[in-house]
>>> print(open('model.cif').read())   # mmCIF, N, CA and C atoms
data_data
loop_
_atom_site.label_atom_id
_atom_site.label_comp_id
_atom_site.auth_asym_id
_atom_site.auth_seq_id
_atom_site.Cartn_x
_atom_site.Cartn_y
_atom_site.Cartn_z
N MET A 1 0.84 -1.19 0.00
CA MET A 1 0.00 0.00 0.00
C MET A 1 0.89 1.25 0.00
N PRO A 2 0.68 2.17 -0.94
CA PRO A 2 1.51 3.37 -0.99
C PRO A 2 1.23 4.30 0.19
N SER A 3 2.22 5.11 0.49
CA SER A 3 2.07 6.06 1.59
C SER A 3 1.07 7.15 1.21
N PRO A 4 0.52 7.86 2.20
CA PRO A 4 -0.42 8.94 1.88
C PRO A 4 0.21 10.03 1.01
N ARG A 5 1.48 10.27 1.22
CA ARG A 5 2.17 11.28 0.43
C ARG A 5 2.29 10.84 -1.03
N ALA A 6 2.59 9.57 -1.25
CA ALA A 6 2.69 9.04 -2.61
C ALA A 6 1.32 9.03 -3.29
N ARG A 7 0.28 8.73 -2.54
CA ARG A 7 -1.07 8.74 -3.11
C ARG A 7 -1.49 10.14 -3.51
N LYS A 8 -1.12 11.13 -2.69
CA LYS A 8 -1.45 12.52 -3.01
C LYS A 8 -0.69 12.98 -4.25
N ALA A 9 0.58 12.62 -4.35
CA ALA A 9 1.37 12.97 -5.53
C ALA A 9 0.80 12.30 -6.78
N GLY A 10 0.41 11.04 -6.65
CA GLY A 10 -0.20 10.33 -7.78
C GLY A 10 -1.51 10.97 -8.22
N ALA A 11 -2.29 11.42 -7.26
CA ALA A 11 -3.56 12.09 -7.59
C ALA A 11 -3.30 13.41 -8.32
N LEU A 12 -2.31 14.16 -7.87
CA LEU A 12 -1.99 15.42 -8.54
C LEU A 12 -1.49 15.18 -9.96
N ILE A 13 -0.69 14.15 -10.13
CA ILE A 13 -0.19 13.81 -11.47
C ILE A 13 -1.35 13.40 -12.37
N MET A 14 -2.29 12.64 -11.84
CA MET A 14 -3.45 12.23 -12.63
C MET A 14 -4.31 13.44 -13.00
N TRP A 15 -4.49 14.37 -12.07
CA TRP A 15 -5.25 15.58 -12.39
C TRP A 15 -4.56 16.38 -13.48
N PHE A 16 -3.23 16.45 -13.43
CA PHE A 16 -2.50 17.14 -14.49
C PHE A 16 -2.70 16.43 -15.82
N ALA A 17 -2.66 15.11 -15.81
CA ALA A 17 -2.84 14.35 -17.05
C ALA A 17 -4.22 14.58 -17.65
N VAL A 18 -5.23 14.73 -16.82
CA VAL A 18 -6.59 14.89 -17.30
C VAL A 18 -6.90 16.34 -17.67
N LEU A 19 -6.48 17.29 -16.85
CA LEU A 19 -6.86 18.69 -17.04
C LEU A 19 -5.77 19.58 -17.61
N GLY A 20 -4.57 19.06 -17.79
CA GLY A 20 -3.45 19.89 -18.26
C GLY A 20 -3.71 20.54 -19.61
N GLY A 21 -4.27 19.80 -20.55
CA GLY A 21 -4.55 20.35 -21.87
C GLY A 21 -5.62 21.43 -21.84
N ALA A 22 -6.65 21.23 -21.03
CA ALA A 22 -7.72 22.23 -20.93
C ALA A 22 -7.21 23.52 -20.31
N LEU A 23 -6.40 23.40 -19.28
CA LEU A 23 -5.84 24.60 -18.65
C LEU A 23 -4.84 25.30 -19.58
N ALA A 24 -4.08 24.54 -20.33
CA ALA A 24 -3.15 25.14 -21.29
C ALA A 24 -3.91 25.85 -22.41
N TRP A 25 -5.01 25.28 -22.86
CA TRP A 25 -5.82 25.92 -23.88
C TRP A 25 -6.40 27.24 -23.35
N THR A 26 -6.83 27.23 -22.09
CA THR A 26 -7.34 28.46 -21.47
C THR A 26 -6.26 29.53 -21.44
N ALA A 27 -5.05 29.15 -21.06
CA ALA A 27 -3.94 30.10 -21.07
C ALA A 27 -3.66 30.59 -22.48
N HIS A 28 -3.73 29.70 -23.45
CA HIS A 28 -3.54 30.08 -24.85
C HIS A 28 -4.57 31.13 -25.26
N LEU A 29 -5.82 30.93 -24.88
CA LEU A 29 -6.86 31.90 -25.25
C LEU A 29 -6.57 33.27 -24.65
N PHE A 30 -6.22 33.29 -23.38
CA PHE A 30 -5.97 34.58 -22.73
C PHE A 30 -4.72 35.26 -23.29
N VAL A 31 -3.66 34.52 -23.48
CA VAL A 31 -2.40 35.14 -23.91
C VAL A 31 -2.42 35.44 -25.40
N ALA A 32 -2.65 34.44 -26.23
CA ALA A 32 -2.53 34.64 -27.68
C ALA A 32 -3.67 35.50 -28.23
N TRP A 33 -4.89 35.04 -28.06
CA TRP A 33 -6.02 35.79 -28.62
C TRP A 33 -6.25 37.10 -27.88
N GLY A 34 -6.18 37.06 -26.57
CA GLY A 34 -6.43 38.27 -25.79
C GLY A 34 -5.41 39.35 -26.06
N THR A 35 -4.16 38.99 -26.12
CA THR A 35 -3.10 39.97 -26.39
C THR A 35 -3.27 40.57 -27.77
N ASP A 36 -3.54 39.74 -28.75
CA ASP A 36 -3.73 40.22 -30.11
C ASP A 36 -4.89 41.21 -30.18
N GLU A 37 -6.02 40.86 -29.59
CA GLU A 37 -7.19 41.73 -29.64
C GLU A 37 -6.96 43.04 -28.90
N LEU A 38 -6.45 42.97 -27.68
CA LEU A 38 -6.27 44.19 -26.88
C LEU A 38 -5.22 45.12 -27.47
N THR A 39 -4.14 44.56 -27.97
CA THR A 39 -3.07 45.38 -28.53
C THR A 39 -3.54 46.06 -29.82
N CYS A 40 -4.19 45.32 -30.67
CA CYS A 40 -4.66 45.89 -31.93
C CYS A 40 -5.77 46.92 -31.69
N ARG A 41 -6.62 46.66 -30.73
CA ARG A 41 -7.70 47.59 -30.43
C ARG A 41 -7.16 48.93 -29.92
N SER A 42 -6.01 48.88 -29.24
CA SER A 42 -5.41 50.12 -28.74
C SER A 42 -4.61 50.84 -29.82
N GLY A 43 -4.48 50.23 -31.00
CA GLY A 43 -3.80 50.88 -32.11
C GLY A 43 -2.31 50.61 -32.19
N HIS A 44 -1.81 49.65 -31.42
CA HIS A 44 -0.38 49.34 -31.43
C HIS A 44 -0.14 47.99 -32.09
N THR A 45 1.11 47.76 -32.47
CA THR A 45 1.50 46.45 -33.00
C THR A 45 2.59 45.81 -32.15
N SER A 46 2.86 46.39 -30.99
CA SER A 46 3.85 45.81 -30.08
C SER A 46 3.44 46.12 -28.65
N ILE A 47 3.98 45.32 -27.76
CA ILE A 47 3.77 45.52 -26.32
C ILE A 47 5.12 45.94 -25.77
N GLY A 48 5.29 47.22 -25.59
CA GLY A 48 6.60 47.74 -25.21
C GLY A 48 7.55 47.48 -26.38
N PRO A 49 8.70 46.89 -26.10
CA PRO A 49 9.63 46.60 -27.20
C PRO A 49 9.36 45.27 -27.90
N VAL A 50 8.40 44.50 -27.42
CA VAL A 50 8.15 43.15 -27.95
C VAL A 50 7.01 43.20 -28.98
N PRO A 51 7.24 42.72 -30.20
CA PRO A 51 6.16 42.69 -31.18
C PRO A 51 5.07 41.70 -30.78
N VAL A 52 3.87 41.99 -31.25
CA VAL A 52 2.72 41.14 -30.93
C VAL A 52 2.96 39.71 -31.42
N GLN A 53 3.59 39.54 -32.57
CA GLN A 53 3.85 38.20 -33.11
C GLN A 53 4.66 37.34 -32.13
N ALA A 54 5.64 37.94 -31.44
CA ALA A 54 6.46 37.17 -30.49
C ALA A 54 5.63 36.75 -29.28
N VAL A 55 4.78 37.63 -28.79
CA VAL A 55 3.93 37.29 -27.64
C VAL A 55 2.94 36.21 -28.03
N VAL A 56 2.38 36.33 -29.22
CA VAL A 56 1.43 35.32 -29.71
C VAL A 56 2.14 33.98 -29.90
N ALA A 57 3.34 34.01 -30.44
CA ALA A 57 4.09 32.76 -30.62
C ALA A 57 4.35 32.08 -29.28
N ALA A 58 4.72 32.87 -28.27
CA ALA A 58 4.92 32.30 -26.92
C ALA A 58 3.60 31.78 -26.36
N GLY A 59 2.50 32.47 -26.68
CA GLY A 59 1.18 32.04 -26.22
C GLY A 59 0.68 30.79 -26.92
N VAL A 60 1.36 30.38 -27.97
CA VAL A 60 1.02 29.13 -28.67
C VAL A 60 1.98 28.02 -28.27
N VAL A 61 3.27 28.32 -28.28
CA VAL A 61 4.28 27.28 -28.06
C VAL A 61 4.25 26.77 -26.61
N LEU A 62 4.21 27.68 -25.65
CA LEU A 62 4.24 27.23 -24.25
C LEU A 62 3.01 26.40 -23.87
N PRO A 63 1.78 26.83 -24.18
CA PRO A 63 0.64 25.96 -23.89
C PRO A 63 0.69 24.63 -24.65
N ALA A 64 1.22 24.64 -25.88
CA ALA A 64 1.33 23.39 -26.62
C ALA A 64 2.30 22.43 -25.93
N LEU A 65 3.40 22.96 -25.40
CA LEU A 65 4.35 22.11 -24.68
C LEU A 65 3.74 21.55 -23.40
N VAL A 66 2.98 22.37 -22.69
CA VAL A 66 2.30 21.88 -21.47
C VAL A 66 1.30 20.79 -21.84
N THR A 67 0.59 20.98 -22.94
CA THR A 67 -0.38 19.97 -23.38
C THR A 67 0.31 18.67 -23.78
N VAL A 68 1.44 18.77 -24.44
CA VAL A 68 2.20 17.56 -24.80
C VAL A 68 2.67 16.84 -23.54
N ALA A 69 3.12 17.60 -22.55
CA ALA A 69 3.54 16.98 -21.28
C ALA A 69 2.37 16.29 -20.59
N ALA A 70 1.20 16.91 -20.59
CA ALA A 70 0.01 16.29 -19.99
C ALA A 70 -0.39 15.04 -20.77
N MET A 71 -0.28 15.11 -22.08
CA MET A 71 -0.62 13.96 -22.92
C MET A 71 0.35 12.80 -22.68
N TRP A 72 1.62 13.11 -22.56
CA TRP A 72 2.62 12.08 -22.28
C TRP A 72 2.37 11.45 -20.90
N THR A 73 2.03 12.28 -19.92
CA THR A 73 1.73 11.78 -18.58
C THR A 73 0.50 10.87 -18.61
N ALA A 74 -0.54 11.27 -19.33
CA ALA A 74 -1.75 10.45 -19.44
C ALA A 74 -1.44 9.13 -20.15
N TRP A 75 -0.63 9.19 -21.19
CA TRP A 75 -0.28 7.97 -21.91
C TRP A 75 0.48 7.00 -21.02
N ARG A 76 1.44 7.54 -20.24
CA ARG A 76 2.20 6.67 -19.34
C ARG A 76 1.30 6.04 -18.28
N ALA A 77 0.40 6.84 -17.73
CA ALA A 77 -0.52 6.30 -16.71
C ALA A 77 -1.43 5.25 -17.32
N TRP A 78 -1.93 5.51 -18.51
CA TRP A 78 -2.82 4.56 -19.16
C TRP A 78 -2.09 3.25 -19.46
N ARG A 79 -0.85 3.34 -19.96
CA ARG A 79 -0.07 2.13 -20.25
C ARG A 79 0.18 1.32 -18.98
N ARG A 80 0.53 2.02 -17.92
CA ARG A 80 0.81 1.32 -16.66
C ARG A 80 -0.44 0.66 -16.10
N LEU A 81 -1.56 1.38 -16.16
CA LEU A 81 -2.79 0.84 -15.59
C LEU A 81 -3.42 -0.22 -16.48
N SER A 82 -3.27 -0.12 -17.79
CA SER A 82 -3.84 -1.15 -18.66
C SER A 82 -3.00 -2.42 -18.63
N GLY A 83 -1.74 -2.31 -18.24
CA GLY A 83 -0.87 -3.48 -18.14
C GLY A 83 -1.20 -4.36 -16.95
N ARG A 84 -1.91 -3.82 -16.00
CA ARG A 84 -2.28 -4.60 -14.82
C ARG A 84 -3.39 -5.60 -15.12
N GLY A 85 -4.15 -5.35 -16.16
CA GLY A 85 -5.24 -6.25 -16.50
C GLY A 85 -6.48 -5.94 -15.69
N ARG A 86 -7.53 -6.63 -16.00
CA ARG A 86 -8.79 -6.43 -15.29
C ARG A 86 -8.67 -6.99 -13.89
N GLY A 87 -9.10 -6.20 -12.96
CA GLY A 87 -9.05 -6.65 -11.57
C GLY A 87 -10.35 -6.30 -10.87
N ASP A 88 -10.36 -6.59 -9.60
CA ASP A 88 -11.54 -6.30 -8.80
C ASP A 88 -11.47 -4.93 -8.15
N ASP A 89 -10.39 -4.21 -8.36
CA ASP A 89 -10.23 -2.91 -7.71
C ASP A 89 -10.86 -1.82 -8.59
N PRO A 90 -11.97 -1.23 -8.15
CA PRO A 90 -12.61 -0.19 -8.97
C PRO A 90 -11.76 1.07 -9.07
N ARG A 91 -10.88 1.31 -8.12
CA ARG A 91 -10.01 2.49 -8.19
C ARG A 91 -9.05 2.40 -9.37
N THR A 92 -8.54 1.20 -9.63
CA THR A 92 -7.64 1.01 -10.76
C THR A 92 -8.39 1.19 -12.07
N GLU A 93 -9.60 0.67 -12.15
CA GLU A 93 -10.43 0.84 -13.34
C GLU A 93 -10.75 2.32 -13.57
N ARG A 94 -11.09 3.00 -12.51
CA ARG A 94 -11.42 4.43 -12.61
C ARG A 94 -10.20 5.24 -13.04
N ALA A 95 -9.05 4.93 -12.49
CA ALA A 95 -7.82 5.64 -12.85
C ALA A 95 -7.46 5.38 -14.32
N GLY A 96 -7.65 4.15 -14.79
CA GLY A 96 -7.39 3.84 -16.19
C GLY A 96 -8.32 4.60 -17.12
N LEU A 97 -9.59 4.70 -16.74
CA LEU A 97 -10.54 5.46 -17.53
C LEU A 97 -10.18 6.94 -17.56
N LEU A 98 -9.78 7.49 -16.42
CA LEU A 98 -9.36 8.89 -16.37
C LEU A 98 -8.11 9.13 -17.22
N ALA A 99 -7.18 8.20 -17.19
CA ALA A 99 -5.97 8.35 -18.01
C ALA A 99 -6.32 8.33 -19.49
N LEU A 100 -7.21 7.45 -19.89
CA LEU A 100 -7.63 7.39 -21.29
C LEU A 100 -8.39 8.66 -21.68
N LEU A 101 -9.24 9.14 -20.81
CA LEU A 101 -9.96 10.38 -21.05
C LEU A 101 -8.98 11.54 -21.19
N GLY A 102 -7.99 11.60 -20.31
CA GLY A 102 -6.98 12.65 -20.40
C GLY A 102 -6.18 12.57 -21.69
N LEU A 103 -5.84 11.37 -22.11
CA LEU A 103 -5.10 11.19 -23.36
C LEU A 103 -5.89 11.72 -24.54
N CYS A 104 -7.16 11.39 -24.62
CA CYS A 104 -8.00 11.85 -25.73
C CYS A 104 -8.24 13.36 -25.65
N ALA A 105 -8.55 13.86 -24.47
CA ALA A 105 -8.83 15.29 -24.32
C ALA A 105 -7.58 16.12 -24.60
N ASP A 106 -6.43 15.67 -24.12
CA ASP A 106 -5.19 16.41 -24.36
C ASP A 106 -4.85 16.44 -25.84
N GLY A 107 -5.10 15.35 -26.55
CA GLY A 107 -4.88 15.34 -27.99
C GLY A 107 -5.78 16.34 -28.70
N LEU A 108 -7.03 16.40 -28.28
CA LEU A 108 -7.97 17.36 -28.86
C LEU A 108 -7.53 18.80 -28.57
N PHE A 109 -7.14 19.07 -27.34
CA PHE A 109 -6.71 20.42 -26.99
C PHE A 109 -5.42 20.81 -27.70
N LEU A 110 -4.54 19.85 -27.94
CA LEU A 110 -3.32 20.15 -28.69
C LEU A 110 -3.66 20.57 -30.13
N ILE A 111 -4.59 19.87 -30.74
CA ILE A 111 -5.02 20.23 -32.09
C ILE A 111 -5.65 21.62 -32.10
N ILE A 112 -6.48 21.91 -31.10
CA ILE A 112 -7.13 23.22 -31.03
C ILE A 112 -6.10 24.32 -30.85
N ILE A 113 -5.13 24.12 -29.97
CA ILE A 113 -4.09 25.13 -29.74
C ILE A 113 -3.28 25.36 -31.01
N LEU A 114 -2.88 24.29 -31.67
CA LEU A 114 -2.07 24.44 -32.88
C LEU A 114 -2.86 25.08 -34.02
N ALA A 115 -4.14 24.73 -34.15
CA ALA A 115 -4.96 25.35 -35.19
C ALA A 115 -5.18 26.83 -34.91
N GLY A 116 -5.46 27.15 -33.66
CA GLY A 116 -5.62 28.56 -33.30
C GLY A 116 -4.32 29.33 -33.46
N GLY A 117 -3.22 28.69 -33.12
CA GLY A 117 -1.92 29.34 -33.29
C GLY A 117 -1.58 29.54 -34.75
N ALA A 118 -1.95 28.59 -35.59
CA ALA A 118 -1.69 28.76 -37.03
C ALA A 118 -2.45 29.96 -37.56
N ALA A 119 -3.68 30.13 -37.14
CA ALA A 119 -4.47 31.27 -37.60
C ALA A 119 -3.86 32.58 -37.12
N LEU A 120 -3.41 32.60 -35.87
CA LEU A 120 -2.83 33.82 -35.32
C LEU A 120 -1.48 34.15 -35.94
N LEU A 121 -0.71 33.13 -36.27
CA LEU A 121 0.64 33.38 -36.78
C LEU A 121 0.68 33.56 -38.30
N VAL A 122 -0.31 33.01 -39.02
CA VAL A 122 -0.32 33.13 -40.47
C VAL A 122 -0.85 34.50 -40.91
N PHE A 123 -1.93 34.92 -40.29
CA PHE A 123 -2.51 36.21 -40.65
C PHE A 123 -1.80 37.31 -39.88
N PRO A 124 -1.50 38.41 -40.53
CA PRO A 124 -0.81 39.49 -39.83
C PRO A 124 -1.69 40.10 -38.74
N PRO A 125 -1.07 40.53 -37.64
CA PRO A 125 -1.88 41.09 -36.56
C PRO A 125 -2.41 42.47 -36.96
N CYS A 126 -3.48 42.85 -36.35
CA CYS A 126 -4.08 44.17 -36.51
C CYS A 126 -4.48 44.46 -37.95
N GLN A 127 -4.92 43.46 -38.66
CA GLN A 127 -5.37 43.64 -40.02
C GLN A 127 -6.85 43.99 -39.98
N SER A 128 -7.23 45.01 -40.69
CA SER A 128 -8.64 45.44 -40.71
C SER A 128 -9.43 44.67 -41.73
#
>>> encode(input="model.cif", output="structure tokens")
Amino acid sequence: MPSPRARKAGALIMWFAVLGGALAWTAHLFVAWGTDELTCRSGHTSIGPVPVQAVVAAGVVLPALVTVAAMWTAWRAWRRLSGRGRGDDPRTERAGLLALLGLCADGLFLIIILAGGAALLVFPPCQS
């Protein structure tokens, strides 16, 4: 039986695997889209010395990396839990289902982040 500290760490890792992509997508929306809209609405094409394109690129790349990390974590958890086989422990079954859900959701959020980033980076900012 794992220690309470190990169980808490495992639960936090599982939550990251399941919700990491969604939280990264939320950050992407606020940073990439929000920065582009607010900066262009104010009539500027840069934030201080930094061009909007660089901020938008960071708002795409960093959330995408977090989503990939969450996806990798979910995949590892799913592989480990599916290797145990069917058992009588409902906690193991539930954790395997959550890992699979996280894997699918993180993949979807990665596609959304990359597609949104492509639109932001391909089209010039502040175009009327």
>>> closest_residue(input="model.cif", among="A:Ile113, A:Ala11, A:Cys40, A:Val31", to="Ala58 (chain A)", atoms="all atoms listed in the file")
A:Val31
>>> select_by_dssp(input="model.cif", residues="chain A", states="helix (DSSP H, G or I)", output="number ranges by chain")
A: 4-41, 52-82, 90-122
>>> atom_distance(input="model.cif", atom1="atom N of Gly117 (chain A)", atom2="atom N of Leu101 (chain A)")
23.9 Å
>>> atom_distance(input="model.cif", atom1="atom N of Arg79 (chain A)", atom2="atom C of His28 (chain A)")
28.5 Å
>>> atom_distance(input="model.cif", atom1="atom C of Val52 (chain A)", atom2="atom C of Leu38 (chain A)")
10.6 Å
>>> residues_near_point(input="model.cif", point="(-1.6, 26.0, -20.3)", cutoff="10 Å", atoms="only C-alpha atoms", output="CSV table (one decimal) with N, CA and C atoms, in the coordinates of the input")
chain,number,residue,atom,x,y,z
A,19,LEU,N,-6.5,17.3,-16.8
A,19,LEU,CA,-6.9,18.7,-17.0
A,19,LEU,C,-5.8,19.6,-17.6
A,20,GLY,N,-4.6,19.1,-17.8
A,20,GLY,CA,-3.4,19.9,-18.3
A,20,GLY,C,-3.7,20.5,-19.6
A,21,GLY,N,-4.3,19.8,-20.6
A,21,GLY,CA,-4.6,20.4,-21.9
A,21,GLY,C,-5.6,21.4,-21.8
A,22,ALA,N,-6.6,21.2,-21.0
A,22,ALA,CA,-7.7,22.2,-20.9
A,22,ALA,C,-7.2,23.5,-20.3
A,23,LEU,N,-6.4,23.4,-19.3
A,23,LEU,CA,-5.8,24.6,-18.6
A,23,LEU,C,-4.8,25.3,-19.6
A,24,ALA,N,-4.1,24.5,-20.3
A,24,ALA,CA,-3.2,25.1,-21.3
A,24,ALA,C,-3.9,25.8,-22.4
A,25,TRP,N,-5.0,25.3,-22.9
A,25,TRP,CA,-5.8,25.9,-23.9
A,25,TRP,C,-6.4,27.2,-23.4
A,26,THR,N,-6.8,27.2,-22.1
A,26,THR,CA,-7.3,28.5,-21.5
A,26,THR,C,-6.3,29.5,-21.4
A,27,ALA,N,-5.0,29.2,-21.1
A,27,ALA,CA,-3.9,30.1,-21.1
A,27,ALA,C,-3.7,30.6,-22.5
A,28,HIS,N,-3.7,29.7,-23.4
A,28,HIS,CA,-3.5,30.1,-24.8
A,28,HIS,C,-4.6,31.1,-25.3
A,29,LEU,N,-5.8,30.9,-24.9
A,29,LEU,CA,-6.9,31.9,-25.2
A,29,LEU,C,-6.6,33.3,-24.6
A,30,PHE,N,-6.2,33.3,-23.4
A,30,PHE,CA,-6.0,34.6,-22.7
A,30,PHE,C,-4.7,35.3,-23.3
A,31,VAL,N,-3.7,34.5,-23.5
A,31,VAL,CA,-2.4,35.1,-23.9
A,31,VAL,C,-2.4,35.4,-25.4
A,59,GLY,N,2.5,32.5,-26.7
A,59,GLY,CA,1.2,32.0,-26.2
A,59,GLY,C,0.7,30.8,-26.9
A,60,VAL,N,1.4,30.4,-28.0
A,60,VAL,CA,1.0,29.1,-28.7
A,60,VAL,C,2.0,28.0,-28.3
A,61,VAL,N,3.3,28.3,-28.3
A,61,VAL,CA,4.3,27.3,-28.1
A,61,VAL,C,4.2,26.8,-26.6
A,62,LEU,N,4.2,27.7,-25.6
A,62,LEU,CA,4.2,27.2,-24.2
A,62,LEU,C,3.0,26.4,-23.9
A,63,PRO,N,1.8,26.8,-24.2
A,63,PRO,CA,0.6,26.0,-23.9
A,63,PRO,C,0.7,24.6,-24.6
A,64,ALA,N,1.2,24.6,-25.9
A,64,ALA,CA,1.3,23.4,-26.6
A,64,ALA,C,2.3,22.4,-25.9
A,65,LEU,N,3.4,23.0,-25.4
A,65,LEU,CA,4.4,22.1,-24.7
A,65,LEU,C,3.7,21.6,-23.4
A,66,VAL,N,3.0,22.4,-22.7
A,66,VAL,CA,2.3,21.9,-21.5
A,66,VAL,C,1.3,20.8,-21.8
A,67,THR,N,0.6,21.0,-22.9
A,67,THR,CA,-0.4,20.0,-23.4
A,67,THR,C,0.3,18.7,-23.8
A,70,ALA,N,1.2,16.9,-20.6
A,70,ALA,CA,0.0,16.3,-20.0
A,70,ALA,C,-0.4,15.0,-20.8
A,113,ILE,N,-5.1,24.1,-30.0
A,113,ILE,CA,-4.1,25.1,-29.7
A,113,ILE,C,-3.3,25.4,-31.0
>>> select_by_dssp(input="model.cif", residues="region 16-121 of chain A", states="strand (DSSP E or B)", output="list in words")
Ser46, Ile47, Val50 and Pro51 of chain A
>>> write_last_selection(input="model.cif", atoms="N, CA and C atoms", output="short mmCIF file (atom, residue, chain, number, x, y, z; two decimals), in the frame of the given file")
data_model
loop_
_atom_site.label_atom_id
_atom_site.label_comp_id
_atom_site.auth_asym_id
_atom_site.auth_seq_id
_atom_site.Cartn_x
_atom_site.Cartn_y
_atom_site.Cartn_z
N SER A 46 2.86 46.39 -30.99
CA SER A 46 3.85 45.81 -30.08
C SER A 46 3.44 46.12 -28.65
N ILE A 47 3.98 45.32 -27.76
CA ILE A 47 3.77 45.52 -26.32
C ILE A 47 5.12 45.94 -25.77
N VAL A 50 8.40 44.50 -27.42
CA VAL A 50 8.15 43.15 -27.95
C VAL A 50 7.01 43.20 -28.98
N PRO A 51 7.24 42.72 -30.20
CA PRO A 51 6.16 42.69 -31.18
C PRO A 51 5.07 41.70 -30.78
#
>>> residues_around(input="model.cif", residues="Ala95 (chain A)", least_positions_apart="6", cutoff="7 Å", atoms="all atoms listed in the file", output="list of chain:residue names")
A:Ala77, A:Trp78, A:Leu81
>>> resolve_selection(input="model.cif", expression="the PyMOL selection byres (((chain A and resi 106 and name CA) around 7) and name CA)", output="compact mmCIF listing (two decimals) with N, CA and C atoms, in the coordinates of the input")
# COMPACT_ATOMS: atom_id res chain seq x y z
N GLY A 21 -4.27 19.80 -20.55
CA GLY A 21 -4.55 20.35 -21.87
C GLY A 21 -5.62 21.43 -21.84
N THR A 67 0.59 20.98 -22.94
CA THR A 67 -0.38 19.97 -23.38
C THR A 67 0.31 18.67 -23.78
N ALA A 70 1.20 16.91 -20.59
CA ALA A 70 0.01 16.29 -19.99
C ALA A 70 -0.39 15.04 -20.77
N MET A 71 -0.28 15.11 -22.08
CA MET A 71 -0.62 13.96 -22.92
C MET A 71 0.35 12.80 -22.68
N GLY A 102 -7.99 11.60 -20.31
CA GLY A 102 -6.98 12.65 -20.40
C GLY A 102 -6.18 12.57 -21.69
N LEU A 103 -5.84 11.37 -22.11
CA LEU A 103 -5.10 11.19 -23.36
C LEU A 103 -5.89 11.72 -24.54
N CYS A 104 -7.16 11.39 -24.62
CA CYS A 104 -8.00 11.85 -25.73
C CYS A 104 -8.24 13.36 -25.65
N ALA A 105 -8.55 13.86 -24.47
CA ALA A 105 -8.83 15.29 -24.32
C ALA A 105 -7.58 16.12 -24.60
N GLY A 107 -5.10 15.35 -26.55
CA GLY A 107 -4.88 15.34 -27.99
C GLY A 107 -5.78 16.34 -28.70
N LEU A 108 -7.03 16.40 -28.28
CA LEU A 108 -7.97 17.36 -28.86
C LEU A 108 -7.53 18.80 -28.57
N PHE A 109 -7.14 19.07 -27.34
CA PHE A 109 -6.71 20.42 -26.99
C PHE A 109 -5.42 20.81 -27.70
N LEU A 110 -4.54 19.85 -27.94
CA LEU A 110 -3.32 20.15 -28.69
C LEU A 110 -3.66 20.57 -30.13
>>> resolve_selection(input="model.cif", expression="the PyMOL selection byres (((chain A and resi 51 and name CA) around 12) and name CA)", output="list in words")
Thr35, Asp36, Thr39, Cys40, His44, Thr45, Ser46, Ile47, Gly48, Pro49, Val50, Val52, Gln53, Ala54, Val55, Val56, Ala57, Ala58, Pro124, Pro125 and Cys126 of chain A
